[in-house]
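A.B. asks: mmCIF, C-alpha atoms and all ligand atoms, saved as query.cif, coming up:
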```
data_target
#
loop_
_atom_site.group_PDB
_atom_site.id
_atom_site.type_symbol
_atom_site.label_atom_id
_atom_site.label_comp_id
_atom_site.auth_asym_id
_atom_site.auth_seq_id
_atom_site.Cartn_x
_atom_site.Cartn_y
_atom_site.Cartn_z
ATOM 1 C CA ASN A 273 127.882 35.311 45.565
ATOM 2 C CA THR A 274 130.119 38.383 45.346
ATOM 3 C CA SER A 275 128.560 39.972 42.290
ATOM 4 C CA GLU A 276 125.067 39.637 43.814
ATOM 5 C CA LEU A 277 126.335 41.179 47.059
ATOM 6 C CA LYS A 278 127.946 44.034 45.091
ATOM 7 C CA ASP A 279 124.567 44.698 43.463
ATOM 8 C CA ILE A 280 122.862 44.687 46.872
ATOM 9 C CA LEU A 281 125.475 47.119 48.173
ATOM 10 C CA ALA A 282 124.825 49.482 45.238
ATOM 11 C CA PHE A 283 121.094 49.177 45.952
ATOM 12 C CA ALA A 284 121.649 49.954 49.656
ATOM 13 C CA VAL A 285 123.849 52.967 48.850
ATOM 14 C CA SER A 286 121.236 54.421 46.526
ATOM 15 C CA LEU A 287 118.498 53.690 49.084
ATOM 16 C CA SER A 288 120.565 55.479 51.747
ATOM 17 C CA HIS A 289 120.587 58.592 49.541
ATOM 18 C CA ARG A 290 116.804 58.511 49.181
ATOM 19 C CA ALA A 291 116.459 57.991 52.933
ATOM 20 C CA GLY A 292 118.941 60.807 53.569
ATOM 21 C CA ASP A 293 116.896 63.207 51.439
ATOM 22 C CA LEU A 294 113.765 62.310 53.441
ATOM 23 C CA ILE A 295 115.705 62.850 56.687
ATOM 24 C CA LEU A 296 116.750 66.349 55.572
ATOM 25 C CA GLU A 297 113.169 67.147 54.559
ATOM 26 C CA GLY A 298 111.920 65.859 57.929
ATOM 27 C CA SER A 299 114.503 67.799 59.897
ATOM 28 C CA LYS A 300 113.416 71.031 58.220
ATOM 29 C CA ALA A 301 109.739 70.226 58.824
ATOM 30 C CA ILE A 302 110.251 69.360 62.512
ATOM 31 C CA ARG A 303 112.312 72.467 63.193
ATOM 32 C CA THR A 304 109.913 74.731 61.295
ATOM 33 C CA ALA A 305 107.085 73.316 63.398
ATOM 34 C CA ALA A 306 109.147 74.101 66.542
ATOM 35 C CA GLY A 307 109.457 70.464 67.525
ATOM 36 C CA GLN A 308 105.826 69.477 67.089
ATOM 37 C CA GLY A 309 105.307 65.863 66.098
ATOM 38 C CA VAL A 310 108.003 64.575 68.448
ATOM 39 C CA GLY A 311 106.836 61.640 70.553
ATOM 40 C CA GLU A 312 108.356 59.722 73.448
ATOM 41 C CA LYS A 313 109.096 56.001 73.649
ATOM 42 C CA LYS A 314 110.167 54.584 77.012
ATOM 43 C CA ASN A 315 110.794 58.004 78.605
ATOM 44 C CA ALA A 316 111.117 61.730 77.894
ATOM 45 C CA VAL A 317 114.600 61.391 76.379
ATOM 46 C CA ASP A 318 113.806 58.403 74.140
ATOM 47 C CA LEU A 319 112.371 60.241 71.144
ATOM 48 C CA VAL A 320 110.579 59.130 68.006
ATOM 49 C CA THR A 321 109.030 61.188 65.199
ATOM 50 C CA GLU A 322 106.675 60.492 62.330
ATOM 51 C CA TRP A 323 109.796 60.759 60.133
ATOM 52 C CA ASP A 324 111.434 57.715 61.742
ATOM 53 C CA VAL A 325 108.347 55.768 60.695
ATOM 54 C CA LYS A 326 108.153 57.391 57.221
ATOM 55 C CA VAL A 327 111.794 56.658 56.427
ATOM 56 C CA GLU A 328 111.529 53.062 57.637
ATOM 57 C CA GLU A 329 108.348 52.480 55.626
ATOM 58 C CA MET A 330 110.005 53.794 52.469
ATOM 59 C CA ILE A 331 113.052 51.550 52.995
ATOM 60 C CA LYS A 332 110.895 48.529 53.806
ATOM 61 C CA ARG A 333 108.790 49.079 50.669
ATOM 62 C CA GLU A 334 111.872 49.366 48.416
ATOM 63 C CA VAL A 335 113.530 46.329 49.974
ATOM 64 C CA ALA A 336 110.355 44.253 49.590
ATOM 65 C CA ALA A 337 110.089 45.264 45.925
ATOM 66 C CA ALA A 338 113.738 44.514 45.095
ATOM 67 C CA TYR A 339 114.321 41.502 47.363
ATOM 68 C CA PRO A 340 110.914 39.991 48.167
ATOM 69 C CA SER A 341 112.343 36.875 49.823
ATOM 70 C CA PHE A 342 114.601 38.776 52.265
ATOM 71 C CA LYS A 343 113.560 39.307 55.862
ATOM 72 C CA PHE A 344 113.420 42.766 57.401
ATOM 73 C CA MET A 345 114.277 43.955 60.886
ATOM 74 C CA GLY A 346 113.917 47.639 61.747
ATOM 75 C CA GLU A 347 113.706 49.901 64.770
ATOM 76 C CA GLU A 348 110.191 51.162 64.076
ATOM 77 C CA SER A 349 108.819 47.797 62.908
ATOM 78 C CA TYR A 350 110.124 46.334 66.183
ATOM 79 C CA SER A 351 108.519 49.150 68.193
ATOM 80 C CA SER A 352 105.181 48.495 66.545
ATOM 81 C CA GLY A 353 105.306 44.800 67.477
ATOM 82 C CA ASP A 354 107.027 43.099 64.491
ATOM 83 C CA ARG A 355 109.591 41.091 66.472
ATOM 84 C CA GLN A 356 110.568 38.073 64.424
ATOM 85 C CA PRO A 357 113.681 36.298 65.685
ATOM 86 C CA LEU A 358 116.825 36.416 63.568
ATOM 87 C CA THR A 359 117.219 33.365 61.305
ATOM 88 C CA ASP A 360 119.901 32.267 58.823
ATOM 89 C CA GLU A 361 117.908 33.868 55.982
ATOM 90 C CA PRO A 362 119.164 37.116 54.377
ATOM 91 C CA THR A 363 117.861 39.888 56.625
ATOM 92 C CA PHE A 364 118.022 43.641 56.194
ATOM 93 C CA CYS A 365 118.607 45.337 59.552
ATOM 94 C CA VAL A 366 117.721 49.020 59.466
ATOM 95 C CA ASP A 367 117.697 52.064 61.685
ATOM 96 C CA PRO A 368 115.833 54.698 59.635
ATOM 97 C CA ILE A 369 117.106 57.599 61.763
ATOM 98 C CA ASP A 370 119.957 56.883 64.135
ATOM 99 C CA GLY A 371 120.409 59.935 66.310
ATOM 100 C CA THR A 372 116.741 60.884 66.551
ATOM 101 C CA THR A 373 117.443 63.380 69.343
ATOM 102 C CA ASN A 374 120.070 65.045 67.141
ATOM 103 C CA PHE A 375 117.551 65.024 64.274
ATOM 104 C CA VAL A 376 115.024 66.863 66.436
ATOM 105 C CA HIS A 377 117.585 69.420 67.595
ATOM 106 C CA GLY A 378 119.391 69.890 64.287
ATOM 107 C CA PHE A 379 122.693 68.535 65.680
ATOM 108 C CA PRO A 380 124.257 67.200 62.483
ATOM 109 C CA TYR A 381 125.196 63.657 63.620
ATOM 110 C CA VAL A 382 122.181 61.878 62.177
ATOM 111 C CA CYS A 383 122.196 58.964 59.785
ATOM 112 C CA VAL A 384 120.333 56.105 58.229
ATOM 113 C CA SER A 385 121.891 52.720 58.891
ATOM 114 C CA ILE A 386 121.250 49.807 56.517
ATOM 115 C CA GLY A 387 122.861 46.433 57.150
ATOM 116 C CA LEU A 388 122.460 43.019 55.572
ATOM 117 C CA ILE A 389 122.850 39.885 57.681
ATOM 118 C CA LEU A 390 123.540 36.462 56.136
ATOM 119 C CA GLY A 391 123.673 33.354 58.301
ATOM 120 C CA LYS A 392 123.412 35.647 61.346
ATOM 121 C CA VAL A 393 126.575 37.594 60.328
ATOM 122 C CA PRO A 394 126.552 41.189 59.007
ATOM 123 C CA VAL A 395 127.992 41.092 55.466
ATOM 124 C CA LEU A 396 127.352 44.546 54.107
ATOM 125 C CA GLY A 397 126.480 47.905 55.532
ATOM 126 C CA VAL A 398 125.775 51.502 54.602
ATOM 127 C CA ILE A 399 125.626 54.465 56.972
ATOM 128 C CA ARG A 400 124.646 57.780 55.386
ATOM 129 C CA ASN A 401 124.729 61.123 57.170
ATOM 130 C CA PRO A 402 122.883 63.522 54.842
ATOM 131 C CA PHE A 403 123.765 66.600 56.912
ATOM 132 C CA LEU A 404 127.475 66.063 56.320
ATOM 133 C CA ASN A 405 127.014 64.354 52.940
ATOM 134 C CA GLN A 406 128.945 61.313 54.133
ATOM 135 C CA THR A 407 128.238 57.728 53.073
ATOM 136 C CA TYR A 408 130.197 54.978 54.802
ATOM 137 C CA SER A 409 129.907 51.545 53.224
ATOM 138 C CA ALA A 410 131.486 48.116 53.300
ATOM 139 C CA LEU A 411 131.135 44.646 51.855
ATOM 140 C CA LYS A 412 132.675 41.708 53.689
ATOM 141 C CA GLY A 413 136.142 41.012 52.339
ATOM 142 C CA HIS A 414 136.195 44.100 50.103
ATOM 143 C CA GLY A 415 137.143 46.945 52.459
ATOM 144 C CA ALA A 416 135.277 49.952 53.789
ATOM 145 C CA PHE A 417 134.859 53.290 52.039
ATOM 146 C CA LEU A 418 133.757 56.874 52.559
ATOM 147 C CA ASN A 419 131.619 58.173 49.698
ATOM 148 C CA GLU A 420 132.501 55.020 47.750
ATOM 149 C CA THR A 421 135.985 56.225 46.804
ATOM 150 C CA SER A 422 138.089 56.931 49.911
ATOM 151 C CA ARG A 423 139.234 53.774 51.618
ATOM 152 C CA LEU A 424 138.834 53.640 55.410
ATOM 153 C CA PRO A 425 140.591 54.389 57.626
ATOM 154 C CA LEU A 426 141.384 57.689 55.958
ATOM 155 C CA TYR A 427 144.864 57.756 57.511
ATOM 156 C CA PRO A 428 147.045 54.904 58.741
ATOM 157 C CA PRO A 429 146.122 54.322 62.391
ATOM 158 C CA ALA A 430 148.843 55.460 64.767
ATOM 159 C CA PRO A 431 149.506 53.033 67.618
ATOM 160 C CA LEU A 432 148.606 54.614 70.959
ATOM 161 C CA PRO A 433 151.043 54.205 73.829
ATOM 162 C CA SER A 434 148.174 54.027 76.323
ATOM 163 C CA LEU A 435 144.521 54.735 76.921
ATOM 164 C CA SER A 436 145.589 58.182 78.128
ATOM 165 C CA SER A 437 146.317 59.226 74.536
ATOM 166 C CA ALA A 438 142.940 58.078 73.243
ATOM 167 C CA ILE A 439 139.907 59.971 72.035
ATOM 168 C CA ILE A 440 136.904 57.915 73.096
ATOM 169 C CA GLY A 441 133.269 57.974 71.991
ATOM 170 C CA SER A 442 130.645 56.879 74.474
ATOM 171 C CA GLU A 443 127.006 57.731 75.075
ATOM 172 C CA TRP A 444 124.777 58.545 78.028
ATOM 173 C CA GLY A 445 121.987 56.667 76.228
ATOM 174 C CA SER A 446 118.309 56.917 76.969
ATOM 175 C CA ASP A 447 118.165 54.795 80.115
ATOM 176 C CA ARG A 448 118.495 57.410 82.860
ATOM 177 C CA SER A 449 117.660 55.169 85.801
ATOM 178 C CA ASP A 450 119.839 55.639 88.895
ATOM 179 C CA SER A 451 121.853 52.459 88.643
ATOM 180 C CA ILE A 452 122.682 52.877 84.938
ATOM 181 C CA ILE A 453 123.527 56.567 85.138
ATOM 182 C CA ASN A 454 125.628 56.140 88.284
ATOM 183 C CA ALA A 455 127.596 53.279 86.777
ATOM 184 C CA LYS A 456 128.153 55.169 83.521
ATOM 185 C CA ALA A 457 129.149 58.355 85.347
ATOM 186 C CA ARG A 458 131.715 56.342 87.371
ATOM 187 C CA SER A 459 133.144 54.860 84.167
ATOM 188 C CA PHE A 460 133.284 58.239 82.463
ATOM 189 C CA MET A 461 135.011 59.684 85.511
ATOM 190 C CA ARG A 462 137.627 56.930 85.509
ATOM 191 C CA LEU A 463 138.306 57.538 81.837
ATOM 192 C CA ALA A 464 138.470 61.334 82.169
ATOM 193 C CA ALA A 465 140.112 61.943 85.556
ATOM 194 C CA ASP A 466 143.765 61.579 86.471
ATOM 195 C CA GLY A 467 144.881 58.840 88.825
ATOM 196 C CA ARG A 468 145.340 61.240 91.748
ATOM 197 C CA SER A 469 141.761 62.487 91.787
ATOM 198 C CA VAL A 470 140.091 59.137 90.974
ATOM 199 C CA PRO A 471 141.729 55.744 91.663
ATOM 200 C CA GLY A 472 142.443 54.087 88.325
ATOM 201 C CA GLY A 473 141.840 57.364 86.462
ATOM 202 C CA LYS A 474 143.182 57.149 82.897
ATOM 203 C CA MET A 475 142.965 60.830 81.924
ATOM 204 C CA ALA A 476 142.142 60.019 78.305
ATOM 205 C CA HIS A 477 142.681 62.868 75.827
ATOM 206 C CA ALA A 478 138.938 63.250 75.299
ATOM 207 C CA LEU A 479 135.512 61.708 75.786
ATOM 208 C CA ARG A 480 132.903 62.497 73.120
ATOM 209 C CA SER A 481 129.151 61.820 73.013
ATOM 210 C CA ILE A 482 127.765 62.439 69.549
ATOM 211 C CA GLY A 483 124.395 60.746 70.051
ATOM 212 C CA SER A 484 124.389 58.074 67.362
ATOM 213 C CA ALA A 485 125.806 54.577 67.645
ATOM 214 C CA ALA A 486 126.165 54.209 63.869
ATOM 215 C CA MET A 487 128.035 57.519 63.596
ATOM 216 C CA ASN A 488 130.381 56.378 66.379
ATOM 217 C CA TYR A 489 131.158 53.242 64.344
ATOM 218 C CA ALA A 490 131.729 55.425 61.272
ATOM 219 C CA LEU A 491 134.117 57.689 63.174
ATOM 220 C CA VAL A 492 136.131 54.750 64.510
ATOM 221 C CA SER A 493 136.237 53.340 60.957
ATOM 222 C CA SER A 494 137.580 56.596 59.548
ATOM 223 C CA GLY A 495 140.161 56.898 62.340
ATOM 224 C CA ALA A 496 138.661 59.997 63.960
ATOM 225 C CA LEU A 497 137.835 58.107 67.184
ATOM 226 C CA ASP A 498 140.159 55.557 68.755
ATOM 227 C CA ILE A 499 137.447 53.811 70.726
ATOM 228 C CA TYR A 500 133.695 53.654 70.944
ATOM 229 C CA TRP A 501 132.145 52.056 73.959
ATOM 230 C CA GLU A 502 128.440 51.820 74.699
ATOM 231 C CA ILE A 503 126.029 49.682 76.654
ATOM 232 C CA GLY A 504 122.642 48.381 75.569
ATOM 233 C CA CYS A 505 122.478 49.155 71.832
ATOM 234 C CA TRP A 506 119.959 47.509 69.527
ATOM 235 C CA PRO A 507 120.874 45.334 66.506
ATOM 236 C CA TRP A 508 119.888 48.083 64.003
ATOM 237 C CA ASP A 509 122.168 50.573 65.830
ATOM 238 C CA VAL A 510 125.203 48.365 65.232
ATOM 239 C CA CYS A 511 124.619 46.046 62.247
ATOM 240 C CA ALA A 512 125.945 48.232 59.402
ATOM 241 C CA GLY A 513 128.587 49.724 61.694
ATOM 242 C CA MET A 514 129.967 46.296 62.613
ATOM 243 C CA ILE A 515 130.860 45.361 59.066
ATOM 244 C CA ILE A 516 132.115 48.859 58.153
ATOM 245 C CA ALA A 517 134.337 48.975 61.234
ATOM 246 C CA THR A 518 135.627 45.427 60.780
ATOM 247 C CA GLU A 519 136.432 46.051 57.121
ATOM 248 C CA SER A 520 138.313 49.233 58.092
ATOM 249 C CA GLY A 521 140.554 47.098 60.339
ATOM 250 C CA ALA A 522 138.934 48.013 63.656
ATOM 251 C CA MET A 523 138.199 45.452 66.339
ATOM 252 C CA VAL A 524 134.566 45.011 67.298
ATOM 253 C CA SER A 525 133.671 43.208 70.479
ATOM 254 C CA GLY A 526 130.620 42.397 72.514
ATOM 255 C CA GLY A 527 132.849 42.882 75.548
ATOM 256 C CA PRO A 528 132.632 41.021 78.794
ATOM 257 C CA ASN A 529 129.839 41.799 81.219
ATOM 258 C CA ASP A 530 132.065 41.841 84.275
ATOM 259 C CA GLY A 531 132.981 45.478 84.675
ATOM 260 C CA SER A 532 136.379 45.085 83.015
ATOM 261 C CA VAL A 533 135.706 47.082 79.850
ATOM 262 C CA PRO A 534 138.229 49.867 80.469
ATOM 263 C CA SER A 535 141.052 47.351 80.870
ATOM 264 C CA VAL A 536 139.938 45.462 77.755
ATOM 265 C CA ILE A 537 140.028 48.603 75.648
ATOM 266 C CA ASN A 538 143.317 49.548 77.233
ATOM 267 C CA GLU A 539 144.820 46.320 75.907
ATOM 268 C CA ALA A 540 143.355 46.909 72.459
ATOM 269 C CA VAL A 541 144.737 50.407 72.300
ATOM 270 C CA LEU A 542 148.199 49.056 73.019
ATOM 271 C CA THR A 543 147.936 46.793 69.975
ATOM 272 C CA GLY A 544 147.365 49.924 67.864
ATOM 273 C CA ARG A 545 143.948 48.936 66.525
ATOM 274 C CA LYS A 546 140.843 51.055 66.752
ATOM 275 C CA TYR A 547 138.341 49.451 69.036
ATOM 276 C CA ILE A 548 134.606 49.196 69.558
ATOM 277 C CA VAL A 549 132.907 47.617 72.528
ATOM 278 C CA VAL A 550 129.165 47.435 72.702
ATOM 279 C CA ARG A 551 127.941 45.473 75.647
ATOM 280 C CA ALA A 552 124.632 43.663 75.891
ATOM 281 C CA ILE A 553 122.970 44.125 72.502
ATOM 282 C CA GLN A 554 119.302 44.337 73.417
ATOM 283 C CA GLY A 555 117.096 41.516 72.276
ATOM 284 C CA THR A 556 120.084 39.171 72.147
ATOM 285 C CA SER A 557 121.334 39.206 75.718
ATOM 286 C CA THR A 558 120.494 40.747 79.044
ATOM 287 C CA GLU A 559 120.899 44.460 79.559
ATOM 288 C CA SER A 560 123.263 45.550 82.270
ATOM 289 C CA GLY A 561 124.813 48.604 83.801
ATOM 290 C CA ALA A 562 128.273 49.945 83.135
ATOM 291 C CA ASP A 563 131.194 49.946 85.480
HETATM 292 C C1 LIG A 601 120.407 56.209 69.687
HETATM 293 C C2 LIG A 601 121.717 55.429 69.688
HETATM 294 C C3 LIG A 601 122.695 55.996 70.689
HETATM 295 C C4 LIG A 601 122.096 55.882 72.063
HETATM 296 C C5 LIG A 601 120.790 56.672 72.107
HETATM 297 C C6 LIG A 601 119.815 56.197 71.048
HETATM 298 P P1 LIG A 601 118.193 56.298 68.100
HETATM 299 O O1 LIG A 601 119.533 55.601 68.738
HETATM 300 O O2 LIG A 601 122.300 55.426 68.452
HETATM 301 O O3 LIG A 601 123.927 55.322 70.604
HETATM 302 O O4 LIG A 601 123.002 56.346 73.037
HETATM 303 O O5 LIG A 601 120.201 56.552 73.363
HETATM 304 O O6 LIG A 601 119.321 54.906 71.355
HETATM 305 O O7 LIG A 601 117.135 56.124 69.141
HETATM 306 O O8 LIG A 601 118.523 57.717 67.839
HETATM 307 O O9 LIG A 601 117.926 55.500 66.866
#
```
Please render this file's structure as structure tokens.

C.D. replies:
Amino acid sequence: NTSELKDILAFAVSLSHRAGDLILEGSKAIRTAAGQGVGEKKNAVDLVTEWDVKVEEMIKREVAAAYPSFKFMGEESYSSGDRQPLTDEPTFCVDPIDGTTNFVHGFPYVCVSIGLILGKVPVLGVIRNPFLNQTYSALKGHGAFLNETSRLPLYPPAPLPSLSSAIIGSEWGSDRSDSIINAKARSFMRLAADGRSVPGGKMAHALRSIGSAAMNYALVSSGALDIYWEIGCWPWDVCAGMIIATESGAMVSGGPNDGSVPSVINEAVLTGRKYIVVRAIQGTSTESGAD
């Protein structure tokens, strides 16, 4: 019920502060040690550190103590082989450090992302960026907030006449294989270029890559980005962001897998709503390239 969910949200917010403090401590330690302790996952740009594991273990321990019957799904637990399928049971879905590459480099778009899923639907979420001292949170049906007091979006969203007036977040991601990078580069070019240099070019105001899916959701929720579009995220990258963005009035979509994403977001922009498309959530559908 609502009062229980409000208590869980307060718990998640306070947990996000503890996690944020650990992230700041880890960032200092990694940078003081000149990047030592940074490991690779699937390739040289897919990074993981002992701090990702430390933060996730702390969160997992606290969640297990406070809510022993709840299930837990997390980036590092998944990497170490804990891959239970999603059920209807209450499930915490956690990315301990979203933006690990930023964390390693000291680029201040790094956050912890804590979501709660009920009946397979995200119902509450907290994204905390300790570098910028920002906490984004939402509970289903109760709105989304920055630092618990400022309602999101921060300003009324202005309808955009076309995709050309949009500021768009998208990511290169960690899959740098030829087919993925070529398809993404073509999409980026179509969004950035004018119609004379590239057929179908939209010449959007700006394309931004900040390196964290959860922070992209937060920026769409606050109104700073009009659109966020990415391919191949994981559930913990998007769980908290989905509910925060939805509660801020943004549209969140899995998007079609047929190469039509730019026209879909074009339509959404015309309706004046902020928009998020994440295609092919890994572990729930097949991964694909962008076009
Ligand atoms: C990151 C995502 C980002 C994606 C990166 C990476 P991590 O998550 O948030 O959107 O483009 O490749 O996967 O690994 O920092 O938790």

A.B. asks: Check every protein, DNA and RNA residue against ligand LIG 601 (chain A), keep those with an atom at most 6 Å away (counting only C-alpha atoms and all ligand atoms), and present them as an NGL selection string.

C.D. replies: :A and (369-373 or 443-446 or 483-485 or 509)

A.B. asks: Hey, can you check how far atom CA of Val384 of chain A sits from atom CA of Ala512 of chain A?

C.D. replies: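 Between atom CA of Val384 of chain A and atom CA of Ala512 of chain A the gap works out to 9.7 Å.
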
A.B. asks: Quick check, in Å to one decimal: how far apart do atom CA of Asp367 of chain A and atom CA of Gly346 of chain A lie?

C.D. replies: 5.8 Å

A.B. asks: The PyMOL selection byres (((chain A and resi 329) around 12) and not hetatm) - which residues does that actually catch in the file I just gave you? List them as a PyMOL selection string.

C.D. replies: chain A and resi 291+294+322-328+330-336+344-349+366-369

A.B. asks: Quick one: residues within 12 Å of Met514 of chain A, only C-alpha atoms, excluding same-chain residues fewer than 2 positions away - as a PyMOL selection string?

C.D. replies: chain A and resi 365+385-389+393-399+408-412+416+485-490+492-493+500+507-512+516-526+547-550

A.B. asks: Around the point (114.9, 39.4, 67.1) (coordinates from the file), which residues reach within 9 Å if we count all atoms listed in the file? Answer as an mmCIF file with C-alpha atoms, in the coordinates of the input.

C.D. replies:
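Output saved as selection.cif:
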```cif
data_model
loop_
_atom_site.group_PDB
_atom_site.id
_atom_site.type_symbol
_atom_site.label_atom_id
_atom_site.label_comp_id
_atom_site.auth_asym_id
_atom_site.auth_seq_id
_atom_site.Cartn_x
_atom_site.Cartn_y
_atom_site.Cartn_z
ATOM 1 C CA MET A 345 114.277 43.955 60.886
ATOM 2 C CA TYR A 350 110.124 46.334 66.183
ATOM 3 C CA ARG A 355 109.591 41.091 66.472
ATOM 4 C CA GLN A 356 110.568 38.073 64.424
ATOM 5 C CA PRO A 357 113.681 36.298 65.685
ATOM 6 C CA LEU A 358 116.825 36.416 63.568
ATOM 7 C CA THR A 359 117.219 33.365 61.305
ATOM 8 C CA PRO A 507 120.874 45.334 66.506
ATOM 9 C CA GLY A 555 117.096 41.516 72.276
ATOM 10 C CA THR A 556 120.084 39.171 72.147
#
```

A.B. asks: Can you tell me how far atom CA of Ser286 of chain A sits from atom CA of Ser351 of chain A, in Å to one decimal?

C.D. replies: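 Answer for the atom CA of Ser286 of chain A to atom CA of Ser351 of chain A separation: 25.7 Å.
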
A.B. asks: Ranking A:His377, A:Pro428, A:Asp354, A:Leu281 by minimum distance to Ala306 of chain A and counting only C-alpha atoms, which one comes first?

C.D. replies: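 So, comparing all the options, the nearest one is A:His377.
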